[in-house]
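Participant: Structure provided below as structure tokens; questions to follow.
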There are 2 protein chains.
Amino acid sequence: MTADDDTAAHLPAPGRRDILEAAATAFTRNGYAATTIDDIAREMGATKGRVYHYYRAKADVFLDIVTAGMQELIDGIEPIAGNGGLDPATRLWRMAHHHAGLMMTRNSFQRVAMRAVEMRRLGEAPAQQQALETVIAMRDRYEQIFADVIDEGREAGEFREVDSRLATKPLLGALNWISLWYDPQRGDYNTRQRLADEYADFIVGGLRRSPR
Amino acid sequence: MTADDDTAAHLPAPGRRDILEAAATAFTRNGYAATTIDDIAREMGATKGRVYHYYRAKADVFLDIVTAGMQELIDGIEPIAGNGGLDPATRLWRMAHHHAGLMMTRNSFQRVAMRAVEMRRLGEAPAQQQALETVIAMRDRYEQIFADVIDEGREAGEFREVDSRLATKPLLGALNWISLWYDPQRGDYNTRQRLADEYADFIVGGLRRSPR
DNA sequence: GTCTATATGTGGATAGAC
DNA sequence: GTCTATCCACATATAGAC
């Protein structure tokens, strides 16, 4: 895509991986603008020389985190959505469940990814602006996967008569919100599972035909 | 609470009101940290001298917006929640509907208010830190109003067996998310109403006893 | 009350030693 | 590849003219 190694988001080089983890933690704590390169370096017990050896700018670190986060979402959901052996409501339930899980287990990356989508611009550099729009495109594609399953469920009579594209908003809003309040320090596997169950029930219930 | 006029949030003085509107717009556009005092001043066709005449620091402007936003939410919801003449499901529907409406019509204030809740600290000043915790307390109180209605609905057999406090998370998450994607420039009264209807249906549906 | 300086601190980014 | 030292731009906040 650019002069940079465009596979970095999927398989970050070892040196980069540490930086992304540290930066994701720092961005989650204080937000993108308020986080300094020194903060990121301190988070991994280094100084900023290390960060600038691997990345040209703070925005590039941010974009790598965001892209990785979005890719994790897509990779996890696609096989479920495409599983024709399951009825749409069950598929949607599992997609919501999986998404909820990622918001907890991959909290720092996912929380940073959320932020990117609401950003209009990242700085002055047009290359970074274009990268940001690529992320928005990934988000749109992700929403469409959900919308398609909702359409199938509506046509199968499982769901109410909704605008599927619009219906993804409350659905994903509820799920994404987890990344803002969930404390990854607390909670074990079982509590995370119960929580994801509750979310998936809520979401599928919200789309089902009303009982009366 | 502090040496400042603590009623300012409810009835801002005329000079302050303009600043809050301009700042809310600017914060919504670029985020708190990335917004400069010059940005705020430019937004209202003035220079920073005006801003600093009314506010000691950027954080104080932010806190006034956030407090006003939270107060708008509480003021709107309390009378609905306390209307004993309506069954819990109807009350919850109207509360969700009203909340959704505020996310759209008062987008800039509400979006800034959302941000405050996810911030851990606002700066070094302990007075501002305390003010931020006061905002968190308002948020907790607000969630409790929803939780109480959910409890009533569960006891009345309208809702599923849920942990009411936990149930407010997907509910308010879905609603709060509106402030992030809704474009206040677009959409008239009718489209806002339809959207709020859809959200309220989704939310009450998500809590109702499953049809099967 | 609103403006134009300006003091002061901080943070992104670079250069170059090791 | 990692560090320290430094440049420079910019943003908060203040001083003081009008």
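Quick note on naming: the chains in the structure tokens go A, B, ... in the order shown, residues restart at 1 in each chain, and ligands are numbered from 1 in order of appearance.
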Mind listing as a VMD selection string which residues of chain A are within 8 Å of chain B, counting only C-alpha atoms?
Facilitator: chain A and resid 29 to 30 33 to 34 118 to 121 169 to 178 180 to 181 199 201 to 208 210 to 211
Participant: Please return, as a PDB file with N, CA and C atoms, in the first residue's frame, all residues of chain A lying within 12 Å of chain D when only C-alpha atoms (C1' of nucleotides) are considered.
Facilitator:
```pdb
ATOM      1  N   GLY A  15      10.481  -6.550  16.922  1.00  0.00           N
ATOM      2  CA  GLY A  15      10.712  -5.240  17.516  1.00  0.00           C
ATOM      3  C   GLY A  15       9.466  -4.386  17.540  1.00  0.00           C
ATOM      4  N   ALA A  41       7.521   4.559  25.281  1.00  0.00           N
ATOM      5  CA  ALA A  41       8.848   3.980  25.539  1.00  0.00           C
ATOM      6  C   ALA A  41       8.952   3.524  26.999  1.00  0.00           C
ATOM      7  N   GLY A  45       9.881  -0.033  29.067  1.00  0.00           N
ATOM      8  CA  GLY A  45      11.190   0.055  29.682  1.00  0.00           C
ATOM      9  C   GLY A  45      12.299   0.438  28.721  1.00  0.00           C
ATOM     10  N   ALA A  46      11.996   1.365  27.832  1.00  0.00           N
ATOM     11  CA  ALA A  46      12.995   1.811  26.864  1.00  0.00           C
ATOM     12  C   ALA A  46      12.924   3.330  26.751  1.00  0.00           C
ATOM     13  N   THR A  47      13.637   3.874  25.797  1.00  0.00           N
ATOM     14  CA  THR A  47      13.527   5.314  25.551  1.00  0.00           C
ATOM     15  C   THR A  47      13.049   5.518  24.115  1.00  0.00           C
ATOM     16  N   LYS A  48      12.730   6.734  23.791  1.00  0.00           N
ATOM     17  CA  LYS A  48      12.057   6.976  22.513  1.00  0.00           C
ATOM     18  C   LYS A  48      12.901   6.655  21.290  1.00  0.00           C
ATOM     19  N   GLY A  49      14.205   6.557  21.474  1.00  0.00           N
ATOM     20  CA  GLY A  49      15.060   6.184  20.353  1.00  0.00           C
ATOM     21  C   GLY A  49      14.627   4.857  19.764  1.00  0.00           C
ATOM     22  N   ARG A  50      14.221   3.950  20.628  1.00  0.00           N
ATOM     23  CA  ARG A  50      13.764   2.632  20.168  1.00  0.00           C
ATOM     24  C   ARG A  50      12.495   2.758  19.328  1.00  0.00           C
ATOM     25  N   VAL A  51      11.587   3.533  19.797  1.00  0.00           N
ATOM     26  CA  VAL A  51      10.321   3.697  19.070  1.00  0.00           C
ATOM     27  C   VAL A  51      10.572   4.270  17.683  1.00  0.00           C
ATOM     28  N   TYR A  52      11.407   5.295  17.631  1.00  0.00           N
ATOM     29  CA  TYR A  52      11.643   5.953  16.341  1.00  0.00           C
ATOM     30  C   TYR A  52      12.543   5.118  15.418  1.00  0.00           C
ATOM     31  N   HIS A  53      13.147   4.118  15.955  1.00  0.00           N
ATOM     32  CA  HIS A  53      13.894   3.219  15.080  1.00  0.00           C
ATOM     33  C   HIS A  53      12.935   2.380  14.234  1.00  0.00           C
ATOM     34  N   TYR A  54      11.769   2.062  14.806  1.00  0.00           N
ATOM     35  CA  TYR A  54      10.814   1.196  14.106  1.00  0.00           C
ATOM     36  C   TYR A  54       9.683   1.961  13.422  1.00  0.00           C
TER      37      TYR A  54
END
```
Participant: Using only C-alpha atoms (C1' of nucleotides), determine which residues of chain C fall within 8 Å of chain A; present them as a list of chain:residue names.
Facilitator: C:DG11, C:DG12, C:DA13
Participant: I need the chosen residues saved as a short mmCIF file (atom, residue, chain, number, x, y, z; two decimals), in the first residue's frame, with N, CA, C and O atoms (P, O5', C5', C4', C3', O3' and C1' of nucleotides).
Facilitator:
```cif
data_model
loop_
_atom_site.label_atom_id
_atom_site.label_comp_id
_atom_site.auth_asym_id
_atom_site.auth_seq_id
_atom_site.Cartn_x
_atom_site.Cartn_y
_atom_site.Cartn_z
P DG C 11 4.47 16.47 27.63
"O5'" DG C 11 4.46 16.01 26.12
"C5'" DG C 11 3.65 16.71 25.18
"C4'" DG C 11 4.23 16.57 23.80
"C3'" DG C 11 4.90 15.21 23.55
"O3'" DG C 11 4.60 14.80 22.23
"C1'" DG C 11 6.42 16.92 23.10
P DG C 12 4.62 13.31 21.76
"O5'" DG C 12 4.94 13.45 20.21
"C5'" DG C 12 4.18 14.37 19.43
"C4'" DG C 12 4.99 14.83 18.24
"C3'" DG C 12 5.63 13.71 17.44
"O3'" DG C 12 5.54 14.01 16.05
"C1'" DG C 12 7.33 15.15 18.27
P DA C 13 5.87 12.85 14.99
"O5'" DA C 13 7.41 13.10 14.70
"C5'" DA C 13 7.78 14.36 14.12
"C4'" DA C 13 9.28 14.54 14.22
"C3'" DA C 13 10.13 13.39 13.64
"O3'" DA C 13 10.78 13.87 12.48
"C1'" DA C 13 11.02 14.25 15.68
#
```
Participant: Record the distance separating CA of Arg186 in chain B and CA of Leu92 in chain B, expressed in Å with one decimal.
Facilitator: 27.1 Å
Participant: Per DSSP on the backbone, what are the helix (DSSP H, G or I) residues of range 96-196 of chain B, as a PyMOL selection string?
Facilitator: chain B and resi 96-105+107-118+126-155+164-181+189-196
Participant: Would you mind reading off the distance between CA of Arg139 in chain A and CA of Gln110 in chain A, one decimal, in Å?
Facilitator: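 Going from CA of Arg139 in chain A over to CA of Gln110 in chain A, I get 12.3 Å.
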